[in-house]
Amino acid sequence: MQRPFVTAVVTGAGLGTRMGNGKNKMLIEIDGGRVLQRALRALHRSGVFDAYVVVVKEDILQTVQKDILPQVFGENFSRVTVCLGGPTRQDSVKMGLAHLPEETDIIAVHDGARPFVSSAVIRRCLSRIEKGDVDGTICVLPMKDTIKFVNEKGVIQNTPNRAHLFSAQTPQMFKKSVLLDAYEKAIWEEIPITDDAQMVEIFGGKVATVEGDEANIKITTPMDLLFGERIVTEREDLDE
């Protein structure tokens with residue numbers, strides 16, 4: 001069986017307002033490595049991806065092209081495309097999808113703010129979707145905390161069974177035709193979407209889950225930077 005052509009769409013065009021320091025969080029350094037640089041390097045060393053589409057804000061476009069890409073991919077990064085994102089994550093992903101190589105079979109959408117994804121997680125996602133019985137696969141972690149459903153007045157309405165609740169991470173991998181079809185359906189624009197798997201689910205797609213990794217954190221607040229430094233210190237080789 002021929003190996004599928006896998007393209008990673010890496011989203012790095014968010015506003016990063018919760019970081020609070022006014023700097024684009026993709027360029028924030030964690031133990032000497034920029035967030036986006038670490039994310040791309042983690043994807044690259046997995047050996048899974050044949051091409052990359054990196055979606056960023058205009059203010060870091062030059063830095064990404066002239067500095068970050070050479071550090072990650074060396075002198076030859078012809079299979080890496082950088083494009084500008086939009087006002088929302090969905091807009092940014094859609095703009096990234098417009099730059100897919102034609103031969104793409106599987107699309108992996110990954111948050112550029114998740115710099116510590118392991119090769120093992122990436123390979124689990126790919127292995128699951130390659131079975132052919134699902135339209136997509138995502139990595140998840142079981143919820144540790146009890147979740148409360150609260151109304152607009154702050155009153156608890158119910159307590160869902162934690163055994164059926166999981167937190168979603170990225171990468172999220174999908175068959176190319178399925179994800180493109182979901183993004184082409186205009187109806188999704190009127191529905192609150194928090195990730196790409198939700199969009200595929202809304203339009204009838206079947207998405208499976210695989211085990212995620214607690215180190216696969218999303219850099220959102222200053223506290224996450226502290227966690228990131230600890231991860232770098234304790235996990236020199238994330239593939240182990």
# chains A, B, ... in the order shown; residues from 1 in each chain; ligands from 1
>>> residues_around(residues="Leu179 of chain A", least_positions_apart="5", cutoff="8 Å", atoms="only C-alpha atoms", output="list in words")
Ile107, Phe174, Asp196 and Val200 of chain A
>>> select_by_dssp(residues="segment 29-65 of chain A", states="strand (DSSP E)", output="list in words")
Glu29, Ile30, Gly33, Arg34, Ala51, Tyr52, Val53, Val54, Val55 and Val56 of chain A
>>> write_last_selection(atoms="all heavy atoms", output="tab-separated table (two decimals), in the first residue's frame")
chain	number	residue	atom	x	y	z
A	29	GLU	N	10.49	33.01	23.37
A	29	GLU	CA	11.47	31.94	23.56
A	29	GLU	C	11.19	31.14	24.83
A	29	GLU	O	10.85	31.70	25.86
A	29	GLU	CB	12.90	32.51	23.62
A	29	GLU	CG	13.38	33.05	22.29
A	29	GLU	CD	14.86	33.35	22.29
A	29	GLU	OE1	15.51	33.11	23.33
A	29	GLU	OE2	15.38	33.82	21.26
A	30	ILE	N	11.33	29.84	24.70
A	30	ILE	CA	11.27	28.93	25.85
A	30	ILE	C	12.61	28.22	25.89
A	30	ILE	O	12.92	27.41	25.00
A	30	ILE	CB	10.12	27.92	25.73
A	30	ILE	CG1	8.77	28.63	25.63
A	30	ILE	CG2	10.14	26.95	26.90
A	30	ILE	CD1	7.60	27.68	25.46
A	33	GLY	N	14.50	28.54	22.59
A	33	GLY	CA	13.85	28.18	21.33
A	33	GLY	C	12.49	28.84	21.21
A	33	GLY	O	11.69	28.80	22.14
A	34	ARG	N	12.23	29.50	20.08
A	34	ARG	CA	10.95	30.16	19.88
A	34	ARG	C	9.82	29.14	19.80
A	34	ARG	O	10.02	28.01	19.35
A	34	ARG	CB	10.99	31.01	18.62
A	34	ARG	CG	11.88	32.25	18.77
A	34	ARG	CD	12.15	32.90	17.44
A	34	ARG	NE	12.78	34.20	17.60
A	34	ARG	CZ	13.33	34.88	16.61
A	34	ARG	NH1	13.35	34.35	15.39
A	34	ARG	NH2	13.87	36.06	16.83
A	51	ALA	N	4.90	17.88	3.51
A	51	ALA	CA	4.84	19.30	3.20
A	51	ALA	C	4.23	20.04	4.39
A	51	ALA	O	3.58	19.43	5.25
A	51	ALA	CB	4.02	19.55	1.94
A	52	TYR	N	4.45	21.35	4.41
A	52	TYR	CA	3.96	22.18	5.51
A	52	TYR	C	3.37	23.47	4.95
A	52	TYR	O	3.92	24.06	4.01
A	52	TYR	CB	5.10	22.55	6.47
A	52	TYR	CG	5.83	21.38	7.07
A	52	TYR	CD1	6.82	20.71	6.34
A	52	TYR	CD2	5.54	20.93	8.34
A	52	TYR	CE1	7.50	19.64	6.87
A	52	TYR	CE2	6.22	19.84	8.89
A	52	TYR	CZ	7.19	19.20	8.15
A	52	TYR	OH	7.86	18.13	8.67
A	53	VAL	N	2.28	23.92	5.56
A	53	VAL	CA	1.73	25.24	5.30
A	53	VAL	C	1.68	25.95	6.64
A	53	VAL	O	0.98	25.51	7.56
A	53	VAL	CB	0.32	25.18	4.67
A	53	VAL	CG1	-0.21	26.60	4.44
A	53	VAL	CG2	0.34	24.40	3.37
A	54	VAL	N	2.43	27.02	6.78
A	54	VAL	CA	2.53	27.74	8.06
A	54	VAL	C	1.76	29.05	7.93
A	54	VAL	O	2.07	29.88	7.07
A	54	VAL	CB	4.00	28.02	8.42
A	54	VAL	CG1	4.09	28.64	9.80
A	54	VAL	CG2	4.82	26.73	8.35
A	55	VAL	N	0.77	29.21	8.77
A	55	VAL	CA	-0.13	30.38	8.70
A	55	VAL	C	0.22	31.33	9.84
A	55	VAL	O	0.14	30.95	11.01
A	55	VAL	CB	-1.60	29.94	8.80
A	55	VAL	CG1	-2.53	31.13	8.51
A	55	VAL	CG2	-1.91	28.79	7.85
A	56	VAL	N	0.59	32.57	9.50
A	56	VAL	CA	1.06	33.51	10.51
A	56	VAL	C	0.47	34.90	10.31
A	56	VAL	O	-0.15	35.19	9.28
A	56	VAL	CB	2.60	33.62	10.48
A	56	VAL	CG1	3.24	32.27	10.77
A	56	VAL	CG2	3.09	34.17	9.14
>>> select_by_dssp(residues="segment 10-125 of chain A", states="helix (DSSP H, G or I)", output="JSON, numbers by chain")
{"A": [17, 18, 19, 25, 26, 27, 35, 36, 37, 38, 39, 40, 41, 42, 43, 44, 45, 58, 59, 60, 61, 62, 63, 64, 65, 66, 67, 68, 69, 70, 71, 72, 73, 89, 90, 91, 92, 93, 94, 95, 96, 97, 119, 120, 121, 122, 123, 124, 125]}
>>> write_last_selection(atoms="N, CA and C atoms", output="tab-separated table (two decimals), in the first residue's frame")
chain	number	residue	atom	x	y	z
A	17	THR	N	-3.72	37.42	23.01
A	17	THR	CA	-4.01	38.46	23.99
A	17	THR	C	-3.85	38.00	25.43
A	18	ARG	N	-4.05	36.71	25.70
A	18	ARG	CA	-3.94	36.23	27.08
A	18	ARG	C	-2.50	36.15	27.56
A	19	MET	N	-1.54	36.28	26.64
A	19	MET	CA	-0.15	36.29	27.06
A	19	MET	C	0.20	37.60	27.74
A	25	LYS	N	3.21	35.65	20.41
A	25	LYS	CA	3.66	34.50	21.20
A	25	LYS	C	4.40	33.45	20.38
A	26	MET	N	4.24	33.49	19.06
A	26	MET	CA	4.98	32.54	18.22
A	26	MET	C	6.49	32.78	18.31
A	27	LEU	N	6.87	34.00	18.67
A	27	LEU	CA	8.29	34.34	18.73
A	27	LEU	C	8.84	34.34	20.15
A	35	VAL	N	8.64	29.56	20.21
A	35	VAL	CA	7.48	28.66	20.27
A	35	VAL	C	7.21	28.03	18.90
A	36	LEU	N	7.08	28.83	17.87
A	36	LEU	CA	6.79	28.29	16.54
A	36	LEU	C	7.93	27.43	16.03
A	37	GLN	N	9.14	27.83	16.29
A	37	GLN	CA	10.31	27.05	15.88
A	37	GLN	C	10.28	25.66	16.51
A	38	ARG	N	9.97	25.60	17.79
A	38	ARG	CA	9.90	24.31	18.48
A	38	ARG	C	8.76	23.45	17.93
A	39	ALA	N	7.63	24.08	17.62
A	39	ALA	CA	6.49	23.32	17.08
A	39	ALA	C	6.83	22.71	15.72
A	40	LEU	N	7.43	23.51	14.86
A	40	LEU	CA	7.80	23.01	13.53
A	40	LEU	C	8.86	21.93	13.62
A	41	ARG	N	9.82	22.10	14.51
A	41	ARG	CA	10.87	21.10	14.66
A	41	ARG	C	10.28	19.78	15.16
A	42	ALA	N	9.32	19.87	16.08
A	42	ALA	CA	8.69	18.66	16.60
A	42	ALA	C	7.95	17.91	15.50
A	43	LEU	N	7.26	18.64	14.64
A	43	LEU	CA	6.56	18.00	13.52
A	43	LEU	C	7.56	17.40	12.54
A	44	HIS	N	8.60	18.14	12.24
A	44	HIS	CA	9.58	17.72	11.23
A	44	HIS	C	10.31	16.44	11.65
A	45	ARG	N	10.69	16.36	12.90
A	45	ARG	CA	11.48	15.20	13.31
A	45	ARG	C	10.66	13.93	13.45
A	58	GLU	N	1.04	38.99	9.79
A	58	GLU	CA	1.97	39.71	8.92
A	58	GLU	C	3.19	40.22	9.66
A	59	ASP	N	3.04	40.51	10.96
A	59	ASP	CA	4.15	41.11	11.69
A	59	ASP	C	5.32	40.15	11.90
A	60	ILE	N	5.11	38.86	11.72
A	60	ILE	CA	6.23	37.92	11.90
A	60	ILE	C	6.56	37.17	10.61
A	61	LEU	N	5.94	37.55	9.52
A	61	LEU	CA	6.14	36.84	8.25
A	61	LEU	C	7.61	36.79	7.85
A	62	GLN	N	8.28	37.92	7.89
A	62	GLN	CA	9.68	37.98	7.49
A	62	GLN	C	10.57	37.14	8.40
A	63	THR	N	10.30	37.22	9.71
A	63	THR	CA	11.10	36.45	10.67
A	63	THR	C	10.94	34.96	10.44
A	64	VAL	N	9.73	34.54	10.17
A	64	VAL	CA	9.48	33.12	9.93
A	64	VAL	C	10.23	32.65	8.68
A	65	GLN	N	10.12	33.41	7.60
A	65	GLN	CA	10.72	33.01	6.34
A	65	GLN	C	12.25	33.04	6.38
A	66	LYS	N	12.82	34.07	6.99
A	66	LYS	CA	14.26	34.27	6.92
A	66	LYS	C	15.03	33.70	8.10
A	67	ASP	N	14.33	33.40	9.18
A	67	ASP	CA	15.03	32.96	10.38
A	67	ASP	C	14.57	31.58	10.86
A	68	ILE	N	13.28	31.46	11.13
A	68	ILE	CA	12.77	30.22	11.73
A	68	ILE	C	12.84	29.04	10.77
A	69	LEU	N	12.39	29.21	9.54
A	69	LEU	CA	12.38	28.07	8.60
A	69	LEU	C	13.78	27.52	8.35
A	70	PRO	N	14.79	28.37	8.10
A	70	PRO	CA	16.15	27.81	7.90
A	70	PRO	C	16.66	27.07	9.13
A	71	GLN	N	16.29	27.54	10.32
A	71	GLN	CA	16.76	26.86	11.53
A	71	GLN	C	16.14	25.48	11.67
A	72	VAL	N	14.91	25.33	11.19
A	72	VAL	CA	14.22	24.05	11.33
A	72	VAL	C	14.52	23.11	10.17
A	73	PHE	N	14.48	23.62	8.95
A	73	PHE	CA	14.55	22.77	7.77
A	73	PHE	C	15.88	22.85	7.02
A	89	ARG	N	-9.44	31.66	13.94
A	89	ARG	CA	-8.68	30.45	13.67
A	89	ARG	C	-9.23	29.75	12.43
A	90	GLN	N	-10.55	29.68	12.30
A	90	GLN	CA	-11.15	29.03	11.15
A	90	GLN	C	-10.77	29.73	9.85
A	91	ASP	N	-10.75	31.06	9.89
A	91	ASP	CA	-10.32	31.81	8.70
A	91	ASP	C	-8.87	31.47	8.35
A	92	SER	N	-8.03	31.36	9.37
A	92	SER	CA	-6.62	31.07	9.14
A	92	SER	C	-6.43	29.67	8.57
A	93	VAL	N	-7.15	28.69	9.12
A	93	VAL	CA	-7.04	27.34	8.58
A	93	VAL	C	-7.51	27.31	7.13
A	94	LYS	N	-8.63	28.00	6.86
A	94	LYS	CA	-9.16	28.02	5.50
A	94	LYS	C	-8.14	28.62	4.53
A	95	MET	N	-7.45	29.66	4.96
A	95	MET	CA	-6.43	30.28	4.10
A	95	MET	C	-5.25	29.33	3.91
A	96	GLY	N	-4.94	28.57	4.95
A	96	GLY	CA	-3.87	27.59	4.83
A	96	GLY	C	-4.24	26.47	3.86
A	97	LEU	N	-5.50	26.05	3.90
A	97	LEU	CA	-5.96	24.98	3.02
A	97	LEU	C	-5.86	25.36	1.55
A	119	SER	N	6.66	12.82	18.66
A	119	SER	CA	6.54	12.00	17.45
A	119	SER	C	5.58	10.83	17.68
A	120	ALA	N	5.55	10.31	18.90
A	120	ALA	CA	4.67	9.18	19.20
A	120	ALA	C	3.21	9.56	19.02
A	121	VAL	N	2.82	10.74	19.48
A	121	VAL	CA	1.44	11.20	19.33
A	121	VAL	C	1.11	11.39	17.85
A	122	ILE	N	2.01	12.02	17.12
A	122	ILE	CA	1.79	12.25	15.69
A	122	ILE	C	1.59	10.92	14.95
A	123	ARG	N	2.44	9.96	15.26
A	123	ARG	CA	2.35	8.66	14.58
A	123	ARG	C	1.09	7.91	14.97
A	124	ARG	N	0.64	8.08	16.21
A	124	ARG	CA	-0.63	7.44	16.62
A	124	ARG	C	-1.79	8.00	15.80
A	125	CYS	N	-1.79	9.32	15.62
A	125	CYS	CA	-2.85	9.93	14.82
A	125	CYS	C	-2.85	9.40	13.39
>>> residues_around(residues="Val178 of chain A", least_positions_apart="5", cutoff="9 Å", atoms="only C-alpha atoms", output="PyMOL selection string")
chain A and resi 135-136+183+200+205
>>> residues_around(residues="Phe166 of chain A", least_positions_apart="2", cutoff="10 Å", atoms="only C-alpha atoms", output="PDB file with C-alpha atoms, in the first residue's frame")
ATOM      1  CA  CYS A 139      -5.317  13.166  20.152  1.00  0.00           C
ATOM      2  CA  VAL A 140      -7.084  13.611  23.477  1.00  0.00           C
ATOM      3  CA  LEU A 141      -6.574  13.357  27.223  1.00  0.00           C
ATOM      4  CA  PRO A 142      -9.166  12.235  29.782  1.00  0.00           C
ATOM      5  CA  MET A 143     -10.495  15.018  31.998  1.00  0.00           C
ATOM      6  CA  LYS A 144      -9.053  15.042  35.503  1.00  0.00           C
ATOM      7  CA  ARG A 162     -16.332  12.661  33.522  1.00  0.00           C
ATOM      8  CA  ALA A 163     -15.694   9.184  32.109  1.00  0.00           C
ATOM      9  CA  HIS A 164     -16.969  10.389  28.732  1.00  0.00           C
ATOM     10  CA  ALA A 168      -8.767  17.804  22.623  1.00  0.00           C
ATOM     11  CA  GLN A 169      -5.229  18.505  21.483  1.00  0.00           C
ATOM     12  CA  THR A 209      -9.469   9.544  19.141  1.00  0.00           C
TER      13      THR A 209
END
>>> closest_residue(among="A:Lys218, A:Lys23, A:Lys185, A:His99", to="Phe116 of chain A", atoms="only C-alpha atoms")
A:Lys218
>>> atom_distance(atom1="atom CA of Phe203 of chain A", atom2="atom CA of Asp181 of chain A")
8.9 Å
>>> closest_residue(among="A:Val155, A:Val117, A:Phe227, A:Ile138", to="Asp213 of chain A", atoms="only C-alpha atoms")
A:Val117
>>> atom_distance(atom1="atom CA of Leu226 of chain A", atom2="atom CA of Ala113 of chain A")
14.2 Å
>>> closest_residue(among="A:Asn158, A:Thr81, A:Gln2, A:Thr104", to="Lys175 of chain A", atoms="only C-alpha atoms")
A:Thr104
>>> decode(residues="segment 171-187 of chain A", atoms="all heavy atoms", output="compact mmCIF listing (two decimals), in the first residue's frame")
# COMPACT_ATOMS: atom_id res chain seq x y z
N PRO A 171 -1.90 17.44 16.91
CA PRO A 171 -2.54 17.57 15.62
C PRO A 171 -3.88 16.85 15.53
O PRO A 171 -4.14 15.90 16.27
CB PRO A 171 -1.54 16.92 14.65
CG PRO A 171 -0.82 15.92 15.49
CD PRO A 171 -0.71 16.55 16.85
N GLN A 172 -4.70 17.35 14.60
CA GLN A 172 -5.93 16.69 14.22
C GLN A 172 -5.81 16.37 12.74
O GLN A 172 -5.58 17.26 11.94
CB GLN A 172 -7.14 17.59 14.49
CG GLN A 172 -7.26 17.96 15.97
CD GLN A 172 -8.56 18.69 16.29
OE1 GLN A 172 -9.34 19.01 15.41
NE2 GLN A 172 -8.79 18.94 17.56
N MET A 173 -5.95 15.09 12.40
CA MET A 173 -5.72 14.66 11.01
C MET A 173 -7.03 14.26 10.34
O MET A 173 -7.89 13.63 10.97
CB MET A 173 -4.75 13.48 10.97
CG MET A 173 -3.36 13.82 11.42
SD MET A 173 -2.19 12.47 11.06
CE MET A 173 -0.69 13.13 11.80
N PHE A 174 -7.15 14.62 9.06
CA PHE A 174 -8.37 14.35 8.31
C PHE A 174 -8.05 13.96 6.87
O PHE A 174 -7.03 14.38 6.32
CB PHE A 174 -9.27 15.59 8.28
CG PHE A 174 -9.56 16.17 9.62
CD1 PHE A 174 -8.76 17.19 10.13
CD2 PHE A 174 -10.61 15.70 10.40
CE1 PHE A 174 -9.00 17.72 11.40
CE2 PHE A 174 -10.85 16.22 11.65
CZ PHE A 174 -10.06 17.24 12.16
N LYS A 175 -8.95 13.19 6.29
CA LYS A 175 -8.87 12.96 4.86
C LYS A 175 -9.06 14.31 4.17
O LYS A 175 -9.92 15.11 4.55
CB LYS A 175 -9.97 11.99 4.41
CG LYS A 175 -9.83 10.59 4.99
CD LYS A 175 -11.00 9.71 4.57
CE LYS A 175 -10.89 8.31 5.16
NZ LYS A 175 -12.07 7.48 4.82
N LYS A 176 -8.27 14.56 3.17
CA LYS A 176 -8.29 15.86 2.50
C LYS A 176 -9.70 16.24 2.04
O LYS A 176 -10.16 17.36 2.30
CB LYS A 176 -7.34 15.83 1.30
CG LYS A 176 -7.33 17.09 0.46
CD LYS A 176 -6.41 16.92 -0.74
CE LYS A 176 -6.47 18.11 -1.67
NZ LYS A 176 -5.58 17.92 -2.86
N SER A 177 -10.38 15.34 1.36
CA SER A 177 -11.69 15.66 0.80
C SER A 177 -12.70 16.01 1.88
O SER A 177 -13.54 16.89 1.72
CB SER A 177 -12.21 14.49 -0.03
OG SER A 177 -12.32 13.31 0.76
N VAL A 178 -12.60 15.34 3.03
CA VAL A 178 -13.54 15.56 4.12
C VAL A 178 -13.37 16.95 4.72
O VAL A 178 -14.34 17.68 4.93
CB VAL A 178 -13.39 14.48 5.21
CG1 VAL A 178 -14.23 14.82 6.44
CG2 VAL A 178 -13.79 13.12 4.66
N LEU A 179 -12.13 17.32 5.02
CA LEU A 179 -11.91 18.62 5.64
C LEU A 179 -12.20 19.77 4.67
O LEU A 179 -12.80 20.77 5.06
CB LEU A 179 -10.47 18.72 6.15
CG LEU A 179 -10.18 19.95 7.02
CD1 LEU A 179 -11.04 19.95 8.26
CD2 LEU A 179 -8.71 20.01 7.40
N LEU A 180 -11.81 19.62 3.43
CA LEU A 180 -12.09 20.66 2.45
C LEU A 180 -13.58 20.84 2.26
O LEU A 180 -14.09 21.97 2.16
CB LEU A 180 -11.43 20.33 1.10
CG LEU A 180 -9.90 20.38 1.06
CD1 LEU A 180 -9.41 20.09 -0.36
CD2 LEU A 180 -9.37 21.72 1.54
N ASP A 181 -14.32 19.74 2.24
CA ASP A 181 -15.77 19.81 2.08
C ASP A 181 -16.41 20.54 3.26
O ASP A 181 -17.32 21.36 3.08
CB ASP A 181 -16.35 18.40 1.95
CG ASP A 181 -17.85 18.42 1.71
OD1 ASP A 181 -18.28 18.97 0.67
OD2 ASP A 181 -18.61 17.89 2.55
N ALA A 182 -15.93 20.26 4.46
CA ALA A 182 -16.48 20.91 5.65
C ALA A 182 -16.25 22.41 5.60
O ALA A 182 -17.12 23.21 5.96
CB ALA A 182 -15.85 20.30 6.91
N TYR A 183 -15.07 22.81 5.15
CA TYR A 183 -14.77 24.24 5.10
C TYR A 183 -15.49 24.95 3.97
O TYR A 183 -15.67 26.16 4.01
CB TYR A 183 -13.25 24.44 4.97
CG TYR A 183 -12.58 24.62 6.32
CD1 TYR A 183 -12.02 23.53 6.98
CD2 TYR A 183 -12.51 25.85 6.93
CE1 TYR A 183 -11.42 23.68 8.22
CE2 TYR A 183 -11.92 26.02 8.16
CZ TYR A 183 -11.38 24.93 8.80
OH TYR A 183 -10.79 25.08 10.04
N GLU A 184 -15.90 24.21 2.97
CA GLU A 184 -16.61 24.82 1.85
C GLU A 184 -18.09 25.03 2.14
O GLU A 184 -18.78 25.75 1.44
CB GLU A 184 -16.44 23.96 0.59
CG GLU A 184 -15.04 24.03 0.00
CD GLU A 184 -14.82 23.04 -1.12
OE1 GLU A 184 -15.77 22.27 -1.41
OE2 GLU A 184 -13.71 23.01 -1.68
N LYS A 185 -18.61 24.41 3.19
CA LYS A 185 -20.02 24.55 3.55
C LYS A 185 -20.19 25.84 4.36
O LYS A 185 -19.74 25.94 5.49
CB LYS A 185 -20.50 23.34 4.33
CG LYS A 185 -20.46 22.05 3.51
CD LYS A 185 -21.00 20.90 4.33
CE LYS A 185 -20.84 19.56 3.63
NZ LYS A 185 -21.58 19.43 2.39
N ALA A 186 -20.87 26.79 3.80
CA ALA A 186 -20.98 28.12 4.42
C ALA A 186 -21.73 28.10 5.74
O ALA A 186 -21.55 28.99 6.57
CB ALA A 186 -21.68 29.08 3.46
N ILE A 187 -22.52 27.08 5.99
CA ILE A 187 -23.33 27.06 7.20
C ILE A 187 -22.50 27.08 8.46
O ILE A 187 -22.92 27.59 9.51
CB ILE A 187 -24.26 25.82 7.21
CG1 ILE A 187 -25.26 25.92 8.35
CG2 ILE A 187 -23.46 24.53 7.30
CD1 ILE A 187 -26.32 24.82 8.33
